[in-house]
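Asks: Before we start, here is the structure in question, set down as structure tokens.
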Amino acid sequence: MFSGLYDIDWSSMEHAYGSAEEVPALLLAMRSSDAEERRKALGRFYSAVHHQGDVSPCTTASLPFLFELADDVATPDRVDIVELLVSIGSEALDSCRLQYGDIEVQGEAVAAMRSRAETLIRFARDPDVRVRRAAIPGLGSFIDDVDRASMVLRGRLAAEPGIVEQLLIVEAMANLRLRLPEHAEAQAMAWFTELAADSAMAPQTRLAAVVQQARCAPGQISDDTIATAISLLRELEDGAVPAEAWCDPPRPAGSAASGEGAPPQIVAAFEDLERNRRIHSPTTDLLRSFHGTLAARVPQRTALLAEQLRSRDPGSRLDAVRMSAELMTSWRGDHTRLIMLVAEHLNAPDDQVAAEAAAALNSCHAIAEPAREALAAHVAAQCAVHGPDVWLAPQSHLRRNHQEAVQALARLGDVRAVPSILTALDNGDDAWRAVQVAGALPQAADQLVPRLCGHLRSLDLTQDGCEMSARSDLAALAALADGSAIGVITETLATAVPHGLWSVACSALGALKVFGQSAAPALGMIRPLITASDAHVRSAAVAALWSITGDPDEVMQPLLGSLDGSVPFRISEAADVLAGIGPPAREALPPLRDLLGHGYEWVRVPCAIALWETGGGAEAPVVLDTLLQAWEQNPLTGDHVVACLDRMGPAARPALSRLRSELLHLRRRSRNNSIGNDEELQRLSRVLIERLT
């Protein structure tokens, strides 16, 4: 085995972390009798040789040996090797299609896969269902003879008893048609029509035919397509597939990092990634693909999701809740119906579904408003049944359900979330989740601020993992803007600076800026920081100094120095301060005008805004031209641009057509992927259109 392995000069090639000379050892370890050694070798191969899907020369050079491993029935984890092969080939094929990366290397990998087409066909007929499942996607990607590929796929569909394998076969035919449209169009589309109408086929397979036909011809999607899909979803209710018939057997747990020592926010983020990776129904990937094809057809997708959410199968409902959140957070529209359908699952008998519904509403932020009363009733009922400390419940799904629902309610500014928020802050368990939303509850500042200050004081900033929590506390205190917090914020700044905790220092300076003149006692700490070694701290100190003193003379020279520099963020942040100063900063007009020609839109936009605020109407034409060009180039600048247009009054009238076109876009378009920013962008655009028309 592995003849010629050492004839390759592996040391002349590189993987993601350096020399590829370790590749032979990894390949050999993949057939070790030691399961842990195999697991580590495969993991290392994915992380280094096939890093994030990359296909490099050493990846391509590995393909013959990986095929040799997969072809040997004595290889312990053949399914993993086949999955790896198909992954490498698929990523290379995508790179060639998108003209991304080293096309010559990607082409060599694709050619190597196509040269082994008969081997892939053999894998797709393997006695081990997991090997077949891993190999089937390759049939649509690496067989160039359309007649041969079509014959194999039709034969496999007739032979495969498993629903998952059938769905993969139908998808492989769609991939064949998309890859070779001139040759595969007629065969694929005719087969999809035949399958969809064949009442002898399982409803899941017929649904796959409808979905893949739509994917191949999205322009032909009609209301009948949606109605057929919904009808087939209803048929699924009578033919649910037990999990053991489609789930892969559980794999042995690896030595994953426990998260010990990591900030709780990071641990939770990885838990969310792992949770979202799981699927709970064999049709989940199929339906997610359908939603991807439907894209901006929000009403049709809502109708489809309404049916998915009615499923008797808890797994199907759970995945439908997630898809609902994906639709609402990514696409504009009136989501009231979908919000209320998700809210109906807050009290679902399945704990996971209920927790997922709460998490979905939490992710929706302001557009969860129609569910306000349902959330409040749900939180109150949980406290009534499980006691006021349900935030700390030992049952993981109940705990998650309550915490997500409380966060969703708090984001709506509803004081009925406050008791649970106080419980979290008083106890300390998952307090960071409460801190995340505390700033949205200014009505309860008298109760929240003392606790947030106490939490901030309790952090040992010299310990790893505390910076993120400190910054969250500071952000919440800034949002609540209660002057009683100035002292602890100043103390935090005094601790952060000598320890070089610059991110915390920036957050503290940003919080002090909010308080304006009331933060004057902190000036002795702030003034020296305008010459700090960290550029971000220097910018934050200048902004705080202007906000607190209101004296342009004290900040003009450092601001002008930043404009004259080459660091984009320093220019942008200086421009933001100059915009706040306004006409007294006229000395900055010449450099601001010059910067309108900068190559980066995130420099041009703040400089144009500062030019308007400083120079007024005389600068309107060039400001408007700069803003609209930048907005066209990068839609994520839109909320900044529209906020400035709002202040420009009648001078913004030439922007009317651009404002109207923005509202025609159905995909959300705002900085930080923020629903709140996007909703405000839409609202303000409508206000301006009405005002300027």
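By convention in this document, the chains of the structure tokens carry letters A, B, ... by their order, each chain's residues are numbered from 1, and ligands are numbered from 1 in the order they are shown.
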Using only C-alpha atoms, determine which residues lie at most 12 Å from region 298-301 of chain A, disregarding the query and same-chain residues fewer than 3 positions distant; provide the list as JSON, numbers by chain.

Replies: {"A": [221, 222, 223, 224, 225, 226, 227, 229, 230, 287, 288, 289, 290, 291, 292, 293, 294, 295, 304, 305, 306, 307, 308, 320, 323, 324, 325, 326, 327, 328, 329, 330, 331, 332, 333, 334, 335, 336, 337, 338, 666, 667]}

Asks: Residues as selected, N, CA and C atoms, written as a short mmCIF file (atom, residue, chain, number, x, y, z; two decimals), in the first residue's frame, can you do that?

Replies:
data_model
loop_
_atom_site.label_atom_id
_atom_site.label_comp_id
_atom_site.auth_asym_id
_atom_site.auth_seq_id
_atom_site.Cartn_x
_atom_site.Cartn_y
_atom_site.Cartn_z
N ILE A 221 -40.53 28.77 -10.88
CA ILE A 221 -41.25 28.54 -9.62
C ILE A 221 -42.56 29.32 -9.65
N SER A 222 -43.64 28.64 -9.31
CA SER A 222 -44.96 29.28 -9.29
C SER A 222 -45.66 28.98 -7.98
N ASP A 223 -46.86 29.53 -7.84
CA ASP A 223 -47.65 29.23 -6.64
C ASP A 223 -47.96 27.73 -6.58
N ASP A 224 -48.08 27.10 -7.76
CA ASP A 224 -48.35 25.66 -7.78
C ASP A 224 -47.17 24.88 -7.19
N THR A 225 -45.94 25.39 -7.41
CA THR A 225 -44.76 24.73 -6.85
C THR A 225 -44.85 24.71 -5.33
N ILE A 226 -45.21 25.85 -4.76
CA ILE A 226 -45.32 25.95 -3.30
C ILE A 226 -46.46 25.06 -2.80
N ALA A 227 -47.59 25.09 -3.52
CA ALA A 227 -48.75 24.28 -3.11
C ALA A 227 -48.40 22.79 -3.14
N ALA A 229 -45.39 21.47 -2.79
CA ALA A 229 -44.46 21.21 -1.68
C ALA A 229 -45.22 21.11 -0.36
N ILE A 230 -46.17 22.00 -0.16
CA ILE A 230 -46.95 21.97 1.09
C ILE A 230 -47.78 20.69 1.18
N LEU A 287 -35.16 21.10 2.72
CA LEU A 287 -36.00 22.27 2.89
C LEU A 287 -35.17 23.54 3.01
N ARG A 288 -34.01 23.44 3.65
CA ARG A 288 -33.14 24.61 3.72
C ARG A 288 -32.67 25.01 2.31
N SER A 289 -32.38 24.01 1.49
CA SER A 289 -32.02 24.29 0.10
C SER A 289 -33.17 24.95 -0.64
N PHE A 290 -34.39 24.50 -0.38
CA PHE A 290 -35.58 25.09 -1.02
C PHE A 290 -35.72 26.56 -0.62
N HIS A 291 -35.54 26.82 0.65
CA HIS A 291 -35.62 28.22 1.10
C HIS A 291 -34.52 29.07 0.45
N GLY A 292 -33.35 28.48 0.28
CA GLY A 292 -32.28 29.20 -0.39
C GLY A 292 -32.64 29.53 -1.82
N THR A 293 -33.32 28.61 -2.49
CA THR A 293 -33.75 28.84 -3.87
C THR A 293 -34.86 29.88 -3.93
N LEU A 294 -35.79 29.81 -2.99
CA LEU A 294 -36.89 30.77 -2.97
C LEU A 294 -36.40 32.18 -2.63
N ALA A 295 -35.35 32.26 -1.82
CA ALA A 295 -34.66 33.52 -1.54
C ALA A 295 -35.63 34.65 -1.16
N LEU A 304 -44.63 28.21 3.43
CA LEU A 304 -43.95 26.93 3.57
C LEU A 304 -43.56 26.67 5.03
N LEU A 305 -43.02 27.69 5.68
CA LEU A 305 -42.62 27.54 7.08
C LEU A 305 -43.82 27.33 7.99
N ALA A 306 -44.93 27.96 7.67
CA ALA A 306 -46.14 27.76 8.48
C ALA A 306 -46.52 26.29 8.48
N GLU A 307 -46.37 25.64 7.32
CA GLU A 307 -46.67 24.21 7.25
C GLU A 307 -45.62 23.40 8.00
N GLN A 308 -44.36 23.76 7.84
CA GLN A 308 -43.30 23.04 8.56
C GLN A 308 -43.51 23.13 10.07
N ALA A 320 -37.62 23.81 11.70
CA ALA A 320 -38.44 24.85 11.08
C ALA A 320 -38.34 26.16 11.86
N MET A 323 -35.16 27.74 10.75
CA MET A 323 -35.29 28.31 9.41
C MET A 323 -36.13 29.59 9.44
N SER A 324 -37.10 29.64 10.33
CA SER A 324 -37.91 30.85 10.48
C SER A 324 -37.04 32.02 10.93
N ALA A 325 -36.18 31.75 11.90
CA ALA A 325 -35.28 32.80 12.38
C ALA A 325 -34.33 33.25 11.27
N GLU A 326 -33.84 32.29 10.49
CA GLU A 326 -32.94 32.64 9.39
C GLU A 326 -33.63 33.54 8.38
N LEU A 327 -34.89 33.27 8.08
CA LEU A 327 -35.64 34.11 7.14
C LEU A 327 -35.83 35.51 7.70
N MET A 328 -36.29 35.60 8.94
CA MET A 328 -36.65 36.91 9.50
C MET A 328 -35.44 37.79 9.75
N THR A 329 -34.31 37.18 10.11
CA THR A 329 -33.12 37.99 10.39
C THR A 329 -32.37 38.37 9.12
N SER A 330 -32.66 37.71 8.00
CA SER A 330 -31.92 37.98 6.76
C SER A 330 -32.72 38.74 5.71
N TRP A 331 -34.05 38.68 5.82
CA TRP A 331 -34.89 39.26 4.77
C TRP A 331 -35.91 40.23 5.36
N ARG A 332 -36.15 41.29 4.65
CA ARG A 332 -37.12 42.29 5.07
C ARG A 332 -38.54 41.82 4.77
N GLY A 333 -39.50 42.49 5.38
CA GLY A 333 -40.90 42.17 5.13
C GLY A 333 -41.69 42.21 6.42
N ASP A 334 -42.98 42.01 6.29
CA ASP A 334 -43.85 41.95 7.47
C ASP A 334 -43.82 40.50 7.98
N HIS A 335 -43.12 40.29 9.08
CA HIS A 335 -42.95 38.94 9.61
C HIS A 335 -43.89 38.65 10.79
N THR A 336 -44.93 39.45 10.92
CA THR A 336 -45.83 39.29 12.07
C THR A 336 -46.37 37.86 12.17
N ARG A 337 -46.83 37.34 11.04
CA ARG A 337 -47.42 35.99 11.07
C ARG A 337 -46.41 34.96 11.54
N LEU A 338 -45.20 35.05 11.01
CA LEU A 338 -44.18 34.06 11.36
C LEU A 338 -43.73 34.23 12.81
N LEU A 666 -34.93 43.44 -0.82
CA LEU A 666 -35.60 42.62 0.19
C LEU A 666 -34.62 42.00 1.19
N ARG A 667 -33.36 41.89 0.82
CA ARG A 667 -32.38 41.37 1.77
C ARG A 667 -31.95 42.48 2.70
#

Asks: Neighbouring residues of region 32-41 of chain A were defined as those with any atom within 9 Å, considering only C-alpha atoms; residues of the same chain fewer than 5 positions away were excluded. Please report them as a CSV table (one decimal) with N, CA and C atoms, in the first residue's frame.

Replies:
chain,number,residue,atom,x,y,z
A,25,ALA,N,2.9,10.8,7.2
A,25,ALA,CA,2.6,10.2,8.5
A,25,ALA,C,1.1,10.3,8.8
A,26,LEU,N,0.4,11.4,8.3
A,26,LEU,CA,-1.0,11.5,8.6
A,26,LEU,C,-1.8,10.4,7.8
A,27,LEU,N,-1.4,10.2,6.5
A,27,LEU,CA,-2.0,9.2,5.7
A,27,LEU,C,-1.8,7.8,6.3
A,46,TYR,N,-7.7,17.6,8.1
A,46,TYR,CA,-8.8,18.6,7.8
A,46,TYR,C,-8.3,20.0,8.1
A,75,THR,N,-9.5,-0.8,5.8
A,75,THR,CA,-9.4,0.5,6.4
A,75,THR,C,-10.5,0.7,7.4
A,76,PRO,N,-10.2,1.0,8.6
A,76,PRO,CA,-11.2,1.0,9.7
A,76,PRO,C,-12.3,2.1,9.5
A,77,ASP,N,-11.9,3.3,9.1
A,77,ASP,CA,-12.9,4.4,9.0
A,77,ASP,C,-13.1,4.8,7.5
A,254,GLY,N,-14.5,13.0,21.0
A,254,GLY,CA,-13.1,13.3,20.9
A,254,GLY,C,-12.7,14.0,22.1

Asks: Show me, as a VMD selection string, the residues that have an atom within 9 Å of Ala405 (chain A) when counting only C-alpha atoms, minus same-chain residues fewer than 2 positions from it.

Replies: chain A and resid 346 355 357 to 359 361 to 362 375 to 376 378 to 379 400 to 403 407 to 410 417

Asks: Output C-alpha atoms of each residue in that selection to a file, as an mmCIF file, in the first residue's frame.

Replies:
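In the end it all went to again_25.cif:
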data_model
loop_
_atom_site.group_PDB
_atom_site.id
_atom_site.type_symbol
_atom_site.label_atom_id
_atom_site.label_comp_id
_atom_site.auth_asym_id
_atom_site.auth_seq_id
_atom_site.Cartn_x
_atom_site.Cartn_y
_atom_site.Cartn_z
ATOM 1 C CA LEU A 346 -42.741 28.706 23.470
ATOM 2 C CA ALA A 355 -36.075 26.559 23.904
ATOM 3 C CA ALA A 357 -38.548 29.116 19.804
ATOM 4 C CA ALA A 358 -37.360 31.425 22.588
ATOM 5 C CA ALA A 359 -33.909 31.657 20.996
ATOM 6 C CA LEU A 361 -37.493 35.324 19.054
ATOM 7 C CA ASN A 362 -34.424 36.586 20.905
ATOM 8 C CA LEU A 375 -43.110 36.311 25.828
ATOM 9 C CA ALA A 376 -44.219 38.121 28.984
ATOM 10 C CA HIS A 378 -44.378 32.716 29.079
ATOM 11 C CA VAL A 379 -41.760 34.209 31.422
ATOM 12 C CA ARG A 400 -32.052 28.085 28.002
ATOM 13 C CA ASN A 401 -35.744 28.566 27.258
ATOM 14 C CA HIS A 402 -36.194 31.010 30.131
ATOM 15 C CA GLN A 403 -32.981 32.946 29.552
ATOM 16 C CA GLN A 407 -33.508 38.376 26.779
ATOM 17 C CA ALA A 408 -36.055 38.684 23.968
ATOM 18 C CA LEU A 409 -38.443 40.526 26.295
ATOM 19 C CA ALA A 410 -35.697 42.802 27.594
ATOM 20 C CA ALA A 417 -37.949 40.988 32.164
#

Asks: Between A:Arg683, A:His365, A:Arg317, A:Arg411, which one has atoms that come closest to Glu344 (chain A), using only C-alpha atoms?

Replies: A:Arg317

Asks: List the spatial neighbours of region 187-201 of chain A as a compact mmCIF listing (two decimals) with C-alpha atoms, in the first residue's frame - criterion: any atom at most 10 Å away, only C-alpha atoms, same-chain residues fewer than 6 positions off excluded.

Replies:
# COMPACT_ATOMS: atom_id res chain seq x y z
CA VAL A 146 -24.26 12.42 -18.68
CA ASP A 147 -25.89 9.25 -19.96
CA SER A 150 -28.05 9.43 -15.29
CA ARG A 154 -31.62 6.11 -11.66
CA ALA A 158 -34.36 2.05 -7.44
CA VAL A 170 -32.05 13.36 -6.47
CA MET A 173 -28.97 14.67 -10.46
CA ALA A 174 -29.67 18.38 -9.89
CA ASN A 175 -25.95 19.04 -9.44
CA LEU A 176 -25.28 17.18 -12.68
CA ARG A 177 -27.82 19.36 -14.49
CA LEU A 178 -26.40 22.56 -12.98
CA PRO A 181 -26.84 22.16 -18.37
CA LEU A 207 -40.62 16.54 -2.39
CA ALA A 208 -36.93 16.30 -3.28
CA ALA A 209 -37.87 16.15 -6.96
CA VAL A 210 -39.99 19.32 -6.59
CA VAL A 211 -37.24 21.14 -4.70
CA GLN A 212 -34.40 20.13 -7.04
CA GLN A 213 -36.46 20.99 -10.11
CA ALA A 214 -37.05 24.44 -8.60
CA CYS A 216 -32.48 23.97 -11.44
CA ALA A 217 -35.10 26.36 -12.86
CA THR A 228 -47.27 20.96 -4.24
CA ALA A 229 -44.46 21.21 -1.68
CA LEU A 232 -46.15 16.72 0.18

Asks: For Ser507 (chain A), which of A:Val385, A:Ala544, A:Ala522, A:Ala184 is the closest residue, counting only C-alpha atoms?

Replies: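 Of the candidates, the smallest distance to Ser507 (chain A) is held by A:Ala544.
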
Asks: What separation in Å, quoted to one decimal, exists between CA of Ile526 (chain A) and CA of Leu493 (chain A)?

Replies: 8.9 Å

Asks: Residues near Ser420 (chain A), anyone? I mean within 9 Å using only C-alpha atoms, not counting same-chain ones fewer than 2 positions away, as a ChimeraX atom specification.

Replies: /A:379,383,388-391,402-403,406,416-418,422-425,434

Asks: Those same residues, written as a PDB file, in the first residue's frame with N, CA and C atoms?

Replies:
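Contents of the output file selection-v2.pdb:
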ATOM      1  N   VAL A 379     -42.724  33.983  30.337  1.00  0.00           N
ATOM      2  CA  VAL A 379     -41.760  34.209  31.422  1.00  0.00           C
ATOM      3  C   VAL A 379     -42.460  34.146  32.775  1.00  0.00           C
ATOM      4  N   CYS A 383     -41.900  31.377  35.900  1.00  0.00           N
ATOM      5  CA  CYS A 383     -41.586  31.772  37.283  1.00  0.00           C
ATOM      6  C   CYS A 383     -42.624  31.219  38.249  1.00  0.00           C
ATOM      7  N   PRO A 388     -39.016  31.781  41.279  1.00  0.00           N
ATOM      8  CA  PRO A 388     -38.383  32.993  40.753  1.00  0.00           C
ATOM      9  C   PRO A 388     -36.944  32.794  40.289  1.00  0.00           C
ATOM     10  N   ASP A 389     -36.343  31.678  40.697  1.00  0.00           N
ATOM     11  CA  ASP A 389     -34.951  31.431  40.302  1.00  0.00           C
ATOM     12  C   ASP A 389     -34.845  30.522  39.081  1.00  0.00           C
ATOM     13  N   VAL A 390     -35.882  30.512  38.230  1.00  0.00           N
ATOM     14  CA  VAL A 390     -35.869  29.622  37.070  1.00  0.00           C
ATOM     15  C   VAL A 390     -34.718  29.971  36.124  1.00  0.00           C
ATOM     16  N   TRP A 391     -34.212  31.203  36.175  1.00  0.00           N
ATOM     17  CA  TRP A 391     -33.013  31.562  35.393  1.00  0.00           C
ATOM     18  C   TRP A 391     -31.860  30.597  35.679  1.00  0.00           C
ATOM     19  N   HIS A 402     -35.875  29.834  29.326  1.00  0.00           N
ATOM     20  CA  HIS A 402     -36.194  31.010  30.131  1.00  0.00           C
ATOM     21  C   HIS A 402     -35.238  32.164  29.828  1.00  0.00           C
ATOM     22  N   GLN A 403     -33.947  31.876  29.774  1.00  0.00           N
ATOM     23  CA  GLN A 403     -32.981  32.946  29.552  1.00  0.00           C
ATOM     24  C   GLN A 403     -33.182  33.610  28.191  1.00  0.00           C
ATOM     25  N   VAL A 406     -36.375  35.736  28.342  1.00  0.00           N
ATOM     26  CA  VAL A 406     -36.145  36.967  29.120  1.00  0.00           C
ATOM     27  C   VAL A 406     -35.335  37.962  28.298  1.00  0.00           C
ATOM     28  N   ARG A 416     -41.025  43.719  32.413  1.00  0.00           N
ATOM     29  CA  ARG A 416     -41.379  42.400  32.959  1.00  0.00           C
ATOM     30  C   ARG A 416     -40.213  41.415  32.879  1.00  0.00           C
ATOM     31  N   ALA A 417     -39.157  41.813  32.187  1.00  0.00           N
ATOM     32  CA  ALA A 417     -37.949  40.988  32.164  1.00  0.00           C
ATOM     33  C   ALA A 417     -37.050  41.256  33.359  1.00  0.00           C
ATOM     34  N   VAL A 418     -37.292  42.353  34.054  1.00  0.00           N
ATOM     35  CA  VAL A 418     -36.355  42.814  35.083  1.00  0.00           C
ATOM     36  C   VAL A 418     -36.155  41.820  36.228  1.00  0.00           C
ATOM     37  N   LEU A 422     -32.430  40.658  37.381  1.00  0.00           N
ATOM     38  CA  LEU A 422     -31.876  40.919  38.722  1.00  0.00           C
ATOM     39  C   LEU A 422     -31.414  39.618  39.377  1.00  0.00           C
ATOM     40  N   THR A 423     -32.185  38.546  39.190  1.00  0.00           N
ATOM     41  CA  THR A 423     -31.784  37.244  39.734  1.00  0.00           C
ATOM     42  C   THR A 423     -30.417  36.843  39.188  1.00  0.00           C
ATOM     43  N   ALA A 424     -30.244  37.019  37.881  1.00  0.00           N
ATOM     44  CA  ALA A 424     -28.971  36.655  37.253  1.00  0.00           C
ATOM     45  C   ALA A 424     -27.830  37.492  37.803  1.00  0.00           C
ATOM     46  N   LEU A 425     -28.040  38.809  37.906  1.00  0.00           N
ATOM     47  CA  LEU A 425     -26.976  39.691  38.382  1.00  0.00           C
ATOM     48  C   LEU A 425     -26.649  39.440  39.846  1.00  0.00           C
ATOM     49  N   ALA A 434     -27.521  38.363  31.121  1.00  0.00           N
ATOM     50  CA  ALA A 434     -28.344  39.471  31.615  1.00  0.00           C
ATOM     51  C   ALA A 434     -27.700  40.812  31.276  1.00  0.00           C
TER      52      ALA A 434
END
